[in-house]
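The file final-v7.pdb comes next; it holds PDB, C-alpha atoms, pLDDT in the B column.
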```pdb
ATOM      1  CA  MET A   1     115.262 108.218-171.569  1.00 75.00           C
ATOM      2  CA  GLY A   2     111.564 109.098-171.602  1.00 81.00           C
ATOM      3  CA  GLN A   3     110.799 106.084-173.817  1.00 89.00           C
ATOM      4  CA  ILE A   4     112.646 103.575-171.629  1.00 92.00           C
ATOM      5  CA  ILE A   5     110.833 104.384-168.373  1.00 92.00           C
ATOM      6  CA  PRO A   6     107.374 103.178-169.553  1.00 91.00           C
ATOM      7  CA  LEU A   7     108.940  99.978-170.905  1.00 92.00           C
ATOM      8  CA  ILE A   8     110.648  99.287-167.575  1.00 92.00           C
ATOM      9  CA  LEU A   9     107.381 100.018-165.760  1.00 93.00           C
ATOM     10  CA  VAL A  10     105.515  97.501-167.955  1.00 92.00           C
ATOM     11  CA  VAL A  11     108.138  94.823-167.227  1.00 92.00           C
ATOM     12  CA  VAL A  12     107.927  95.462-163.459  1.00 92.00           C
ATOM     13  CA  VAL A  13     104.111  95.325-163.483  1.00 93.00           C
ATOM     14  CA  PHE A  14     104.177  92.150-165.588  1.00 91.00           C
ATOM     15  CA  TYR A  15     106.580  90.544-163.091  1.00 91.00           C
ATOM     16  CA  PHE A  16     104.474  91.353-160.020  1.00 90.00           C
ATOM     17  CA  PHE A  17     101.114  90.401-161.558  1.00 92.00           C
ATOM     18  CA  MET A  18     102.050  87.397-163.725  1.00 92.00           C
ATOM     19  CA  ILE A  19     105.428  85.804-163.038  1.00 92.00           C
ATOM     20  CA  ARG A  20     105.729  86.088-159.258  1.00 92.00           C
ATOM     21  CA  PRO A  21     102.278  84.636-158.387  1.00 93.00           C
ATOM     22  CA  GLN A  22     102.814  81.729-160.794  1.00 93.00           C
ATOM     23  CA  THR A  23     106.175  80.781-159.289  1.00 94.00           C
ATOM     24  CA  LYS A  24     104.676  81.012-155.787  1.00 95.00           C
ATOM     25  CA  LYS A  25     101.843  78.688-156.819  1.00 93.00           C
ATOM     26  CA  GLN A  26     104.306  76.196-158.339  1.00 94.00           C
ATOM     27  CA  LYS A  27     106.381  76.154-155.133  1.00 95.00           C
ATOM     28  CA  GLU A  28     103.264  75.492-153.018  1.00 93.00           C
ATOM     29  CA  LEU A  29     102.182  72.643-155.321  1.00 93.00           C
ATOM     30  CA  LYS A  30     105.660  71.091-155.205  1.00 93.00           C
ATOM     31  CA  LYS A  31     105.668  71.282-151.395  1.00 95.00           C
ATOM     32  CA  PHE A  32     102.174  69.709-151.289  1.00 93.00           C
ATOM     33  CA  ARG A  33     103.263  66.800-153.496  1.00 93.00           C
ATOM     34  CA  GLU A  34     106.416  66.208-151.427  1.00 93.00           C
ATOM     35  CA  ASN A  35     104.359  66.035-148.219  1.00 93.00           C
ATOM     36  CA  LEU A  36     101.799  63.461-149.441  1.00 93.00           C
ATOM     37  CA  GLN A  37     101.173  60.751-146.879  1.00 93.00           C
ATOM     38  CA  THR A  38      99.354  57.448-146.700  1.00 95.00           C
ATOM     39  CA  GLY A  39      95.681  58.026-145.939  1.00 93.00           C
ATOM     40  CA  ASP A  40      95.425  61.442-147.635  1.00 93.00           C
ATOM     41  CA  LYS A  41      92.388  61.881-149.850  1.00 95.00           C
ATOM     42  CA  VAL A  42      93.405  63.405-153.180  1.00 95.00           C
ATOM     43  CA  VAL A  43      92.157  64.335-156.649  1.00 94.00           C
ATOM     44  CA  THR A  44      94.277  63.659-159.733  1.00 93.00           C
ATOM     45  CA  ILE A  45      94.593  65.968-162.717  1.00 93.00           C
ATOM     46  CA  GLY A  46      92.295  63.514-164.540  1.00 92.00           C
ATOM     47  CA  GLY A  47      89.579  63.992-161.922  1.00 92.00           C
ATOM     48  CA  ILE A  48      89.954  60.680-160.092  1.00 93.00           C
ATOM     49  CA  HIS A  49      89.136  60.946-156.386  1.00 94.00           C
ATOM     50  CA  GLY A  50      90.832  58.464-154.102  1.00 94.00           C
ATOM     51  CA  LYS A  51      92.792  57.677-150.981  1.00 95.00           C
ATOM     52  CA  ILE A  52      96.559  57.222-150.969  1.00 96.00           C
ATOM     53  CA  LEU A  53      97.569  53.691-149.966  1.00 96.00           C
ATOM     54  CA  GLU A  54     101.315  53.893-150.584  1.00 95.00           C
ATOM     55  CA  VAL A  55     103.834  56.656-151.274  1.00 95.00           C
ATOM     56  CA  ALA A  56     107.042  55.919-153.196  1.00 93.00           C
ATOM     57  CA  GLU A  57     109.791  58.273-154.340  1.00 92.00           C
ATOM     58  CA  SER A  58     108.029  59.491-157.490  1.00 93.00           C
ATOM     59  CA  THR A  59     104.714  57.601-157.444  1.00 94.00           C
ATOM     60  CA  VAL A  60     101.663  57.075-155.253  1.00 96.00           C
ATOM     61  CA  LEU A  61      99.233  54.169-155.109  1.00 96.00           C
ATOM     62  CA  VAL A  62      95.655  55.465-155.003  1.00 96.00           C
ATOM     63  CA  SER A  63      92.567  53.442-154.153  1.00 95.00           C
ATOM     64  CA  SER A  64      89.229  54.521-155.599  1.00 92.00           C
ATOM     65  CA  GLU A  65      86.109  52.393-155.102  1.00 92.00           C
ATOM     66  CA  GLY A  66      88.045  49.147-154.802  1.00 90.00           C
ATOM     67  CA  THR A  67      90.410  49.869-157.687  1.00 95.00           C
ATOM     68  CA  LYS A  68      94.097  50.533-157.076  1.00 96.00           C
ATOM     69  CA  ILE A  69      95.963  52.755-159.539  1.00 96.00           C
ATOM     70  CA  ARG A  70      99.581  53.923-159.424  1.00 96.00           C
ATOM     71  CA  PHE A  71     100.119  57.589-160.390  1.00 95.00           C
ATOM     72  CA  GLU A  72     103.137  59.840-160.713  1.00 95.00           C
ATOM     73  CA  LYS A  73     103.179  62.416-157.929  1.00 94.00           C
ATOM     74  CA  SER A  74     102.956  65.099-160.590  1.00 93.00           C
ATOM     75  CA  ALA A  75      99.473  63.777-161.492  1.00 94.00           C
ATOM     76  CA  ILE A  76      98.093  64.702-158.064  1.00 94.00           C
ATOM     77  CA  ALA A  77      96.266  68.006-158.381  1.00 92.00           C
ATOM     78  CA  SER A  78      94.916  68.665-154.900  1.00 90.00           C
ATOM     79  CA  SER A  79      93.621  67.285-151.642  1.00 89.00           C
ATOM     80  CA  THR A  80      89.896  66.776-151.154  1.00 84.00           C
ATOM     81  CA  GLU A  81      90.258  68.600-147.823  1.00 74.00           C
ATOM     82  CA  ASP A  82      91.466  71.642-149.797  1.00 60.00           C
ATOM     83  CA  GLN A  83      88.353  71.494-151.983  1.00 58.00           C
ATOM     84  CA  LEU A  84      86.041  71.281-148.971  1.00 54.00           C
ATOM     85  CA  GLN A  85      87.594  74.412-147.465  1.00 54.00           C
ATOM     86  CA  ALA A  86      87.339  76.437-150.701  1.00 50.00           C
TER      87      ALA A  86
END
```
So, in terms of structure tokens, how does the structure I just supplied come out?
Amino acid sequence: MGQIIPLILVVVVFYFFMIRPQTKKQKELKKFRENLQTGDKVVTIGGIHGKILEVAESTVLVSSEGTKIRFEKSAIASSTEDQLQA
């Protein structure tokens, strides 16, 4: 019994410091991507900064310096407003 308690303690600590924060972050990112709207300024995971022109079910059309590119919603990393606040 004395050997099992430290193992259980390690699992609990690992859950609260590693697993739980990661799942919370994933839920927030999913909610952010679902709430994208036309006119939002975003940054893709590739580093492209642009403004959303059109939002479809799984894609967004982003304009950057006169160029229009269609991205999957999963390629949107953050909003430029979020970066200005950080």
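Minimum atom-to-atom distances from A:Lys24, A:Lys51, A:Lys41, A:Arg33 to Ser79 in chain A were compared using only C-alpha atoms, and the lowest value belongs to A:Lys41.
Residues selected in this file by the PyMOL selection byres ((chain A and resi 29) around 12) comprise Gln22, Thr23, Lys24, Lys25, Gln26, Lys27, Glu28, Lys30, Lys31, Phe32, Arg33, Glu34, Asn35, Leu36, Lys73, Ser74, Ala75, Ile76, Ala77, Ser78 and Ser79 of chain A.
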Using only C-alpha atoms, find the one residue out of A:Asp40, A:Glu81, A:Gly47, A:Tyr15 that sits nearest to Leu61 in chain A. A:Asp40
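Put simply, CA of Ser64 in chain A is 4.5 Å away from CA of Gly50 in chain A.
One finds CA of Lys68 in chain A at 14.5 Å from CA of Ala56 in chain A.
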Determine the residue membership of the PyMOL selection byres ((chain A and resi 38) around 7) for the file above and supply it as a PyMOL selection string. chain A and resi 37+39-40+52-55
Using only C-alpha atoms, which residue out of A:Ile19, A:Ile4, A:Thr80, A:Phe71 lies closest to His49 in chain A? A:Thr80
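One distance worth recording is that between CA of Phe17 in chain A and CA of Gly46 in chain A, which is 28.5 Å.
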Provide an axis-aligned box for all listed atoms of range 35-41 of chain A, padding each side by 3 Å; report its centre and its edge lengths in Å to one decimal, as AutoDock Vina command-line options.
```
--center_x 98.4 --center_y 61.7 --center_z -147.9 --size_x 18.0 --size_y 14.6 --size_z 9.9
```
